[in-house]
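J.: What follows is my_file.txt, compact mmCIF, C-alpha atoms.
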```txt
# COMPACT_ATOMS: atom_id res chain seq x y z
CA MET A 707 0.00 0.00 0.00
CA GLN A 708 2.77 2.44 0.87
CA ALA A 709 4.40 2.01 -2.53
CA ILE A 710 1.10 2.76 -4.21
CA THR A 711 0.57 5.89 -2.10
CA GLU A 712 4.07 7.10 -2.87
CA LYS A 713 3.55 6.50 -6.56
CA SER A 714 0.29 8.40 -6.62
CA GLU A 715 1.86 11.25 -4.65
CA LEU A 716 4.64 11.37 -7.23
CA THR A 717 2.09 11.42 -10.04
CA ARG A 718 0.17 14.22 -8.36
CA ALA A 719 3.40 16.20 -7.99
CA ALA A 720 4.19 15.63 -11.67
CA ILE A 721 0.70 16.84 -12.64
CA VAL A 722 0.98 19.99 -10.54
CA GLY A 723 4.53 20.62 -11.82
CA ALA A 724 3.36 20.32 -15.42
CA GLY A 725 0.44 22.60 -14.53
CA LEU A 726 2.89 25.24 -13.27
CA ASP A 727 4.73 25.06 -16.61
CA VAL A 728 1.50 25.41 -18.60
CA ALA A 729 0.32 28.35 -16.48
CA ALA A 730 3.69 30.10 -16.80
CA GLU A 731 3.86 29.62 -20.55
CA LEU A 732 0.25 30.11 -21.60
CA GLY A 733 -1.51 31.71 -18.64
CA LEU A 734 -3.74 30.38 -15.88
CA GLU A 735 -6.81 30.32 -18.11
CA ALA A 736 -5.06 27.96 -20.53
CA LEU A 737 -4.55 25.50 -17.68
CA THR A 738 -6.80 22.56 -18.57
CA LEU A 739 -6.72 18.86 -17.70
CA GLN A 740 -6.00 18.12 -21.38
CA ALA A 741 -3.04 20.53 -21.58
CA VAL A 742 -1.45 18.89 -18.53
CA ALA A 743 -2.23 15.37 -19.77
CA ASP A 744 -0.55 16.13 -23.11
CA ARG A 745 2.54 17.48 -21.40
CA ILE A 746 3.17 14.41 -19.23
CA HIS A 747 1.79 11.83 -21.66
CA MET A 748 -1.11 10.73 -19.48
CA SER A 749 -4.75 10.39 -20.39
CA LYS A 750 -7.09 13.21 -19.44
CA SER A 751 -9.07 10.76 -17.28
CA GLY A 752 -5.83 9.74 -15.55
CA VAL A 753 -5.19 13.38 -14.64
CA PHE A 754 -8.80 13.80 -13.52
CA SER A 755 -8.64 10.72 -11.26
CA ARG A 756 -5.65 12.19 -9.40
CA ILE A 757 -6.46 15.89 -9.27
CA GLY A 758 -10.20 16.26 -9.88
CA SER A 759 -11.79 19.02 -11.95
CA ARG A 760 -10.06 21.72 -13.97
CA GLU A 761 -10.89 24.17 -11.17
CA ALA A 762 -9.18 21.86 -8.65
CA LEU A 763 -6.12 21.71 -10.93
CA GLN A 764 -5.96 25.50 -11.21
CA LYS A 765 -6.31 25.86 -7.44
CA ALA A 766 -3.59 23.24 -6.82
CA VAL A 767 -1.23 25.08 -9.18
CA VAL A 768 -1.79 28.47 -7.54
CA GLU A 769 -1.26 26.87 -4.11
CA GLU A 770 1.91 25.11 -5.23
CA TYR A 771 3.28 28.36 -6.64
CA GLY A 772 2.46 29.99 -3.28
CA ARG A 773 4.35 27.26 -1.41
CA ARG A 774 7.41 27.69 -3.64
CA PHE A 775 7.22 31.48 -3.41
CA HIS A 776 7.00 31.31 0.39
CA ALA A 777 9.90 28.82 0.60
CA ASP A 778 12.01 30.94 -1.76
CA VAL A 779 11.24 34.45 -0.54
CA PHE A 780 9.77 34.57 2.94
CA ALA A 781 10.66 31.49 4.99
CA PRO A 782 14.48 31.93 4.91
CA ALA A 783 14.11 35.58 6.00
CA LEU A 784 12.44 34.44 9.22
CA GLN A 785 15.94 33.46 10.39
CA LEU A 786 16.78 37.16 10.61
CA PRO A 787 15.74 39.43 13.50
CA LYS A 788 12.35 41.13 13.19
CA GLY A 789 12.45 44.64 11.78
CA LEU A 790 14.62 46.12 9.06
CA PRO A 791 17.05 43.16 8.79
CA ARG A 792 14.16 40.81 8.01
CA LEU A 793 12.44 43.29 5.69
CA LYS A 794 15.66 43.82 3.74
CA GLU A 795 16.19 40.07 3.41
CA VAL A 796 12.61 39.53 2.21
CA MET A 797 13.06 42.25 -0.42
CA ARG A 798 16.48 40.98 -1.46
CA ARG A 799 14.93 37.56 -2.00
CA TRP A 800 11.79 38.87 -3.70
CA LEU A 801 13.77 40.97 -6.17
CA ALA A 802 16.08 37.99 -6.85
CA HIS A 803 12.99 35.83 -7.40
CA MET A 804 11.60 38.34 -9.91
CA ARG A 805 15.00 38.56 -11.63
CA ASP A 806 15.31 34.77 -11.89
CA VAL A 807 11.76 33.81 -12.85
CA GLU A 808 13.00 34.08 -16.41
CA VAL A 809 14.73 30.74 -15.95
CA HIS A 810 11.89 28.93 -14.20
CA THR A 811 8.15 29.33 -13.95
CA GLY A 812 7.50 33.04 -14.40
CA CYS A 813 5.60 34.94 -11.72
CA ILE A 814 2.12 33.44 -11.72
CA TYR A 815 0.95 36.01 -9.16
CA THR A 816 1.73 38.95 -11.45
CA ALA A 817 0.98 37.49 -14.87
CA GLY A 818 -2.22 36.02 -13.42
CA ALA A 819 -3.23 39.37 -11.94
CA PHE A 820 -3.08 41.09 -15.33
CA GLU A 821 -4.74 38.13 -17.03
CA LEU A 822 -7.67 37.83 -14.62
CA ASP A 823 -8.10 41.42 -13.45
CA ASP A 824 -11.36 41.99 -15.33
CA LYS A 825 -12.75 38.44 -14.98
CA GLU A 826 -15.34 37.24 -12.48
CA CYS A 827 -14.50 33.63 -11.62
CA GLU A 828 -13.37 31.35 -8.83
CA LEU A 829 -9.82 31.28 -10.20
CA ARG A 830 -9.57 35.04 -9.73
CA GLU A 831 -10.70 34.63 -6.12
CA VAL A 832 -8.13 31.87 -5.48
CA LEU A 833 -5.32 34.00 -6.92
CA LEU A 834 -6.50 37.13 -5.12
CA ALA A 835 -6.55 35.30 -1.77
CA ALA A 836 -2.96 34.10 -2.36
CA VAL A 837 -1.73 37.59 -3.31
CA LEU A 838 -3.52 39.22 -0.38
CA HIS A 839 -2.01 36.63 1.98
CA TRP A 840 1.46 37.56 0.70
CA ARG A 841 0.71 41.29 1.04
CA ALA A 842 -0.45 40.69 4.64
CA MET A 843 2.86 38.96 5.49
CA LEU A 844 4.77 41.85 3.95
CA HIS A 845 2.59 44.30 5.89
CA ARG A 846 3.40 42.52 9.15
CA THR A 847 7.11 42.62 8.34
CA VAL A 848 6.93 46.38 7.69
CA THR A 849 4.89 46.94 10.87
CA GLN A 850 7.53 45.08 12.89
CA ALA A 851 10.21 47.38 11.46
CA ILE A 852 8.16 50.41 12.53
CA GLN A 853 7.59 48.95 16.01
CA ALA A 854 11.31 48.18 16.36
CA GLY A 855 12.04 51.86 15.66
CA HIS A 856 13.92 51.02 12.44
CA LEU A 857 11.44 52.93 10.29
CA LYS A 858 9.86 56.29 11.16
CA ALA A 859 6.92 56.04 13.57
CA ASP A 860 4.61 57.83 11.11
CA THR A 861 5.35 55.37 8.30
CA ASP A 862 2.16 54.37 6.50
CA ALA A 863 2.70 50.60 6.28
CA LYS A 864 0.07 50.11 3.58
CA GLN A 865 1.68 52.81 1.46
CA LEU A 866 5.15 51.30 1.82
CA VAL A 867 3.86 47.79 1.06
CA SER A 868 2.27 48.97 -2.16
CA GLU A 869 5.50 50.79 -3.10
CA LEU A 870 7.50 47.59 -2.51
CA ASN A 871 5.03 45.66 -4.66
CA SER A 872 5.29 48.22 -7.48
CA LEU A 873 9.06 47.88 -7.37
CA ALA A 874 8.91 44.09 -7.68
CA ILE A 875 6.33 44.14 -10.49
CA GLY A 876 8.25 46.85 -12.34
CA LEU A 877 11.38 44.73 -12.17
CA LEU A 878 9.50 41.74 -13.56
CA HIS A 879 8.26 43.90 -16.45
CA ASP A 880 11.73 45.22 -17.29
CA VAL A 881 13.47 41.84 -16.97
CA ARG A 882 10.93 39.76 -18.84
CA PHE A 883 9.41 42.14 -21.36
CA LEU A 884 12.16 44.70 -22.02
CA ARG A 885 14.82 42.00 -21.33
CA ASP A 886 16.90 44.74 -19.77
CA ARG A 887 19.92 43.25 -18.00
CA ALA A 888 20.49 46.39 -15.95
CA ALA A 889 17.01 46.21 -14.41
CA PRO A 890 17.91 44.07 -11.34
CA ASP A 891 20.61 46.50 -10.20
CA ARG A 892 18.26 49.43 -10.73
CA ALA A 893 15.58 47.71 -8.62
CA VAL A 894 18.03 47.17 -5.75
CA ALA A 895 19.08 50.84 -5.92
CA SER A 896 15.40 51.89 -5.95
CA PHE A 897 14.70 49.78 -2.87
CA GLU A 898 17.64 51.29 -1.00
CA ARG A 899 16.56 54.82 -1.95
CA LEU A 900 12.97 54.09 -0.90
CA ILE A 901 13.82 52.52 2.43
CA ARG A 902 16.25 55.35 3.31
CA SER A 903 13.39 57.81 2.90
CA TYR A 904 11.45 55.92 5.61
CA GLN A 905 14.37 55.29 7.96
CA THR A 906 14.77 57.04 11.29
CA MET B 92 -15.86 58.75 -54.33
CA GLN B 93 -15.40 60.88 -51.23
CA ALA B 94 -18.45 59.31 -49.61
CA ILE B 95 -17.05 55.83 -50.24
CA THR B 96 -13.66 56.77 -48.79
CA GLU B 97 -15.31 58.21 -45.69
CA LYS B 98 -17.41 55.11 -45.28
CA SER B 99 -14.42 52.80 -45.57
CA GLU B 100 -12.48 54.97 -43.12
CA LEU B 101 -15.38 54.69 -40.70
CA THR B 102 -15.45 50.93 -41.15
CA ARG B 103 -11.72 50.70 -40.54
CA ALA B 104 -12.12 52.77 -37.37
CA ALA B 105 -14.94 50.47 -36.23
CA ILE B 106 -12.74 47.42 -36.86
CA VAL B 107 -9.82 48.85 -34.92
CA GLY B 108 -12.13 50.00 -32.11
CA ALA B 109 -13.60 46.51 -31.82
CA GLY B 110 -10.05 45.14 -31.91
CA LEU B 111 -9.13 47.32 -28.93
CA ASP B 112 -12.10 45.91 -27.02
CA VAL B 113 -11.14 42.32 -27.85
CA ALA B 114 -7.50 42.90 -26.88
CA ALA B 115 -8.48 44.54 -23.60
CA GLU B 116 -10.92 41.80 -22.66
CA LEU B 117 -9.15 38.68 -23.89
CA GLY B 118 -5.56 39.71 -24.57
CA LEU B 119 -3.62 40.60 -27.71
CA GLU B 120 -3.15 36.97 -28.69
CA ALA B 121 -6.92 36.45 -28.79
CA LEU B 122 -7.19 39.25 -31.35
CA THR B 123 -8.22 37.51 -34.57
CA LEU B 124 -10.08 38.66 -37.69
CA GLN B 125 -12.95 36.35 -36.69
CA ALA B 126 -13.22 37.74 -33.15
CA VAL B 127 -13.48 41.27 -34.52
CA ALA B 128 -15.89 40.23 -37.29
CA ASP B 129 -18.21 38.62 -34.72
CA ARG B 130 -18.18 41.71 -32.55
CA ILE B 131 -19.23 44.15 -35.27
CA HIS B 132 -21.42 41.71 -37.25
CA MET B 133 -19.26 41.70 -40.36
CA SER B 134 -17.91 38.76 -42.33
CA LYS B 135 -14.32 37.71 -41.71
CA SER B 136 -13.52 38.43 -45.38
CA GLY B 137 -15.03 41.91 -44.98
CA VAL B 138 -12.65 42.59 -42.08
CA PHE B 139 -9.74 41.17 -44.09
CA SER B 140 -10.51 43.36 -47.12
CA ARG B 141 -10.29 46.49 -44.96
CA ILE B 142 -7.46 45.68 -42.56
CA GLY B 143 -5.44 42.85 -44.10
CA SER B 144 -3.98 39.93 -42.16
CA ARG B 145 -4.38 39.11 -38.48
CA GLU B 146 -0.86 40.51 -37.92
CA ALA B 147 -1.87 43.79 -39.59
CA LEU B 148 -4.94 43.94 -37.33
CA GLN B 149 -2.83 43.39 -34.20
CA LYS B 150 -0.37 46.06 -35.30
CA ALA B 151 -3.19 48.52 -36.08
CA VAL B 152 -4.68 47.95 -32.62
CA VAL B 153 -1.36 48.50 -30.80
CA GLU B 154 -0.79 51.66 -32.87
CA GLU B 155 -4.29 52.97 -32.17
CA TYR B 156 -3.80 52.35 -28.44
CA GLY B 157 -0.51 54.26 -28.71
CA ARG B 158 -2.26 57.19 -30.39
CA ARG B 159 -4.93 57.32 -27.69
CA PHE B 160 -2.35 56.96 -24.91
CA HIS B 161 -0.28 59.79 -26.40
CA ALA B 162 -3.32 62.03 -26.82
CA ASP B 163 -4.49 61.28 -23.27
CA VAL B 164 -1.21 61.34 -21.37
CA PHE B 165 1.59 63.12 -23.20
CA ALA B 166 0.28 65.61 -25.77
CA PRO B 167 -1.64 67.87 -23.33
CA ALA B 168 1.43 68.05 -21.04
CA LEU B 169 3.41 69.66 -23.88
CA GLN B 170 1.45 72.85 -23.12
CA LEU B 171 3.41 73.14 -19.86
CA PRO B 172 6.98 74.46 -19.61
CA LYS B 173 9.76 71.91 -20.03
CA GLY B 174 11.13 70.48 -16.80
CA LEU B 175 9.35 69.57 -13.60
CA PRO B 176 6.00 71.21 -14.48
CA ARG B 177 5.74 69.07 -17.61
CA LEU B 178 6.99 65.91 -15.87
CA LYS B 179 4.44 66.36 -13.08
CA GLU B 180 1.63 66.85 -15.60
CA VAL B 181 2.68 63.74 -17.57
CA MET B 182 2.68 61.69 -14.37
CA ARG B 183 -0.60 63.16 -13.16
CA ARG B 184 -2.15 62.17 -16.48
CA TRP B 185 -0.47 58.74 -16.62
CA LEU B 186 -1.64 57.82 -13.12
CA ALA B 187 -5.15 59.08 -13.96
CA HIS B 188 -5.05 56.97 -17.12
CA MET B 189 -4.08 53.87 -15.12
CA ARG B 190 -6.78 54.63 -12.56
CA ASP B 191 -9.46 55.08 -15.23
CA VAL B 192 -8.58 52.22 -17.58
CA GLU B 193 -11.06 50.23 -15.54
CA VAL B 194 -13.86 52.03 -17.35
CA HIS B 195 -12.43 51.82 -20.86
CA THR B 196 -9.93 49.65 -22.68
CA GLY B 197 -7.52 48.46 -20.00
CA CYS B 198 -3.80 49.12 -20.43
CA ILE B 199 -2.77 47.12 -23.48
CA TYR B 200 0.88 48.08 -22.95
CA THR B 201 1.02 46.46 -19.51
CA ALA B 202 -1.33 43.51 -19.96
CA GLY B 203 0.36 42.80 -23.30
CA ALA B 204 3.82 42.96 -21.72
CA PHE B 205 2.96 40.22 -19.22
CA GLU B 206 1.12 38.21 -21.88
CA LEU B 207 3.90 38.29 -24.48
CA ASP B 208 7.02 38.51 -22.30
CA ASP B 209 8.18 34.97 -23.04
CA LYS B 210 6.95 34.80 -26.65
CA GLU B 211 9.04 35.24 -29.78
CA CYS B 212 6.79 36.84 -32.40
CA GLU B 213 6.25 39.95 -34.47
CA LEU B 214 3.46 41.09 -32.15
CA ARG B 215 5.91 41.18 -29.25
CA GLU B 216 8.26 43.34 -31.34
CA VAL B 217 5.43 45.74 -32.28
CA LEU B 218 4.40 46.13 -28.65
CA LEU B 219 7.99 46.45 -27.45
CA ALA B 220 8.69 49.22 -29.98
CA ALA B 221 5.60 51.12 -28.77
CA VAL B 222 6.55 50.75 -25.09
CA LEU B 223 10.18 51.75 -25.73
CA HIS B 224 8.99 54.81 -27.69
CA TRP B 225 6.91 55.86 -24.69
CA ARG B 226 9.84 55.24 -22.28
CA ALA B 227 12.07 57.39 -24.56
CA MET B 228 9.61 60.29 -24.39
CA LEU B 229 9.48 59.96 -20.61
CA HIS B 230 13.28 59.82 -20.51
CA ARG B 231 13.50 63.05 -22.51
CA THR B 232 11.02 64.72 -20.15
CA VAL B 233 13.11 63.67 -17.13
CA THR B 234 16.34 64.82 -18.83
CA GLN B 235 14.79 68.23 -19.49
CA ALA B 236 13.92 68.53 -15.79
CA ILE B 237 17.55 67.76 -14.91
CA GLN B 238 18.86 70.26 -17.47
CA ALA B 239 16.47 72.91 -16.18
CA GLY B 240 17.97 72.40 -12.71
CA HIS B 241 14.63 71.20 -11.28
CA LEU B 242 16.07 67.77 -10.45
CA LYS B 243 19.51 67.09 -8.97
CA ALA B 244 22.31 67.15 -11.55
CA ASP B 245 23.41 63.62 -10.61
CA THR B 246 19.91 62.16 -11.21
CA ASP B 247 20.12 58.90 -13.14
CA ALA B 248 17.35 59.49 -15.70
CA LYS B 249 17.04 55.81 -16.63
CA GLN B 250 16.68 54.87 -12.96
CA LEU B 251 13.98 57.47 -12.38
CA VAL B 252 12.11 56.48 -15.56
CA SER B 253 11.99 52.86 -14.44
CA GLU B 254 10.80 53.95 -10.98
CA LEU B 255 8.00 56.00 -12.57
CA ASN B 256 7.04 53.02 -14.70
CA SER B 257 6.94 50.71 -11.67
CA LEU B 258 4.67 53.18 -9.92
CA ALA B 259 2.24 53.28 -12.85
CA ILE B 260 2.18 49.49 -13.30
CA GLY B 261 1.80 48.94 -9.54
CA LEU B 262 -1.21 51.28 -9.55
CA LEU B 263 -2.76 49.36 -12.45
CA HIS B 264 -2.27 46.12 -10.49
CA ASP B 265 -3.86 47.47 -7.32
CA VAL B 266 -6.77 49.17 -9.10
CA ARG B 267 -7.66 46.38 -11.50
CA PHE B 268 -6.70 43.22 -9.63
CA LEU B 269 -7.00 44.14 -5.95
CA ARG B 270 -9.80 46.64 -6.83
CA ASP B 271 -8.43 48.82 -4.06
CA ARG B 272 -10.11 52.23 -4.17
CA ALA B 273 -7.35 53.82 -2.08
CA ALA B 274 -4.66 52.86 -4.62
CA PRO B 275 -4.84 56.04 -6.78
CA ASP B 276 -4.25 58.34 -3.80
CA ARG B 277 -1.37 56.13 -2.64
CA ALA B 278 0.22 56.29 -6.10
CA VAL B 279 0.05 60.09 -6.13
CA ALA B 280 1.65 60.20 -2.66
CA SER B 281 4.36 57.78 -3.83
CA PHE B 282 5.12 59.95 -6.84
CA GLU B 283 5.41 63.08 -4.70
CA ARG B 284 7.69 61.28 -2.24
CA LEU B 285 9.84 59.93 -5.08
CA ILE B 286 10.18 63.22 -6.92
CA ARG B 287 11.05 65.08 -3.70
CA SER B 288 13.99 62.72 -3.22
CA TYR B 289 15.39 63.83 -6.61
CA GLN B 290 14.63 67.53 -6.27
CA THR B 291 17.29 70.17 -5.78
```
Spit out the file's structure as structure tokens when you get a sec.
T.:
Amino acid sequence: MQAITEKSELTRAAIVGAGLDVAAELGLEALTLQAVADRIHMSKSGVFSRIGSREALQKAVVEEYGRRFHADVFAPALQLPKGLPRLKEVMRRWLAHMRDVEVHTGCIYTAGAFELDDKECELREVLLAAVLHWRAMLHRTVTQAIQAGHLKADTDAKQLVSELNSLAIGLLHDVRFLRDRAAPDRAVASFERLIRSYQT
Amino acid sequence: MQAITEKSELTRAAIVGAGLDVAAELGLEALTLQAVADRIHMSKSGVFSRIGSREALQKAVVEEYGRRFHADVFAPALQLPKGLPRLKEVMRRWLAHMRDVEVHTGCIYTAGAFELDDKECELREVLLAAVLHWRAMLHRTVTQAIQAGHLKADTDAKQLVSELNSLAIGLLHDVRFLRDRAAPDRAVASFERLIRSYQT
């Protein structure tokens, strides 16, 4: 029984991994059971039996991206002290993630946001919940830096969080669309300039 | 003859207008002769006879968006003196454009950038040329503000231009995806904060 469970876990991981590739290449709306089945040479019914409906597949892919994003960007920064050291590490990792998405999956949060912004569907809600969860973690990190006295007491955390998000999205745009190799260094300089303006 | 020319010009405008709607709703890659024909109740061959190939349609739509963007954002700001007054007016108009795209076409430059970033096709090149043309105009406006002594002499114009772009894209994200009504005011405050840090 254990071998069977392991095998089906592996298959599920392969399905979700292929789903991440499809979503990155073609967009979240192009993520269908058939597209994933074709990519890993399974039957559509085989994919369905392991993952369920197309909606369940899309949800699993967004959740898997969220897990990878968290493991890549946020979790390692928790090793650093609360406040500015942690915030700086989160941003260093986020900007590196945006710089490097070129070589792996692309940023499903950002591409998905611009793909689904004017849609009304469950997939939009799933993605929105994931993005808002990330923004809330970033907001807490900023708030801790204010409470620690590392950032000015009158810092508007929501304002700063949206500025940090703009910076990361702008970097993604310049790296992936303009293919501008100087963009990552510019983004780091922008972050340093921005954070200095909020420092005590 | 004149009446016929006017009529065919009107038809062409209707085709391109419908193309803008399709691109905004479904993305530039969904922009086909058939999709436009369906929307304005013409035959596909009728659309082809007026606009040419699908590629010509896509190009016409990107160019028409560029004309509207220029007329909305940049042209009116040319009434203001070169330097900071003109730069501020361009940004005021750009941020208003990003805030208001919700009620009209959506920002084809930004949505298209994230849709086509990893593609290799003529459409990507057409969009890239349009976006780079806009960035060059913004760069010239920033340079004039430096030359006029309104911004610090050591201002890195390319850095500031990419920061302004991040701000505009971040606003679009927060308005259209998060549907955050406070986002426009935050973007204006971010711009003022940013520009102060470069002022003499």
J.: Name the residues in contact with Thr102 of chain B at a cut-off of 12 Å, using only C-alpha atoms, excluding same-chain residues fewer than 6 positions from it; report them as an mmCIF file with C-alpha atoms, in the frame of the given file.
T.:
```cif
data_model
loop_
_atom_site.group_PDB
_atom_site.id
_atom_site.type_symbol
_atom_site.label_atom_id
_atom_site.label_comp_id
_atom_site.auth_asym_id
_atom_site.auth_seq_id
_atom_site.Cartn_x
_atom_site.Cartn_y
_atom_site.Cartn_z
ATOM 1 C CA ILE B 95 -17.050 55.830 -50.240
ATOM 2 C CA THR B 96 -13.660 56.770 -48.790
ATOM 3 C CA GLY B 108 -12.130 50.000 -32.110
ATOM 4 C CA ALA B 109 -13.600 46.510 -31.820
ATOM 5 C CA VAL B 127 -13.480 41.270 -34.520
ATOM 6 C CA ALA B 128 -15.890 40.230 -37.290
ATOM 7 C CA ILE B 131 -19.230 44.150 -35.270
ATOM 8 C CA HIS B 132 -21.420 41.710 -37.250
ATOM 9 C CA MET B 133 -19.260 41.700 -40.360
ATOM 10 C CA GLY B 137 -15.030 41.910 -44.980
ATOM 11 C CA VAL B 138 -12.650 42.590 -42.080
ATOM 12 C CA PHE B 139 -9.740 41.170 -44.090
ATOM 13 C CA SER B 140 -10.510 43.360 -47.120
ATOM 14 C CA ARG B 141 -10.290 46.490 -44.960
ATOM 15 C CA ILE B 142 -7.460 45.680 -42.560
#
```
J.: How many Å separate atom CA of Cys198 of chain B from atom CA of Gly174 of chain B?
T.: 26.3 Å
J.: When the cut-off is 10 Å and we count all atoms listed in the file, which residues of chain B are near chain A, given as a VMD selection string?
T.: chain B and resid 115 to 118 193 197 to 198 201 to 210 215 218 to 220 222 to 223 247 249 to 251 253 to 270 273 to 274 276 to 278 280 to 282 284 to 285 288
J.: Just the number, please: distance in Å from atom CA of Leu763 of chain A to atom CA of Val807 of chain A, one decimal.
T.: 21.7 Å
J.: For segment 240-245 of chain B, please output as a ChimeraX atom specification all residues within 7 Å (counting all atoms listed in the file; exclusion window: fewer than 2 positions along the same chain).
T.: /B:174-175,236-238,247,289-291
J.: Using the file's own x, y and z axes, what box holds all listed atoms of segment 277-281 of chain B with 8 Å on each side, keeping edges along x, y and z, and what are its centre and edge lengths in Å to one decimal, as lines of an AutoDock Vina configuration file?
T.:
```
center_x = 1.5
center_y = 58.2
center_z = -4.4
size_x = 21.7
size_y = 20.1
size_z = 19.5
```
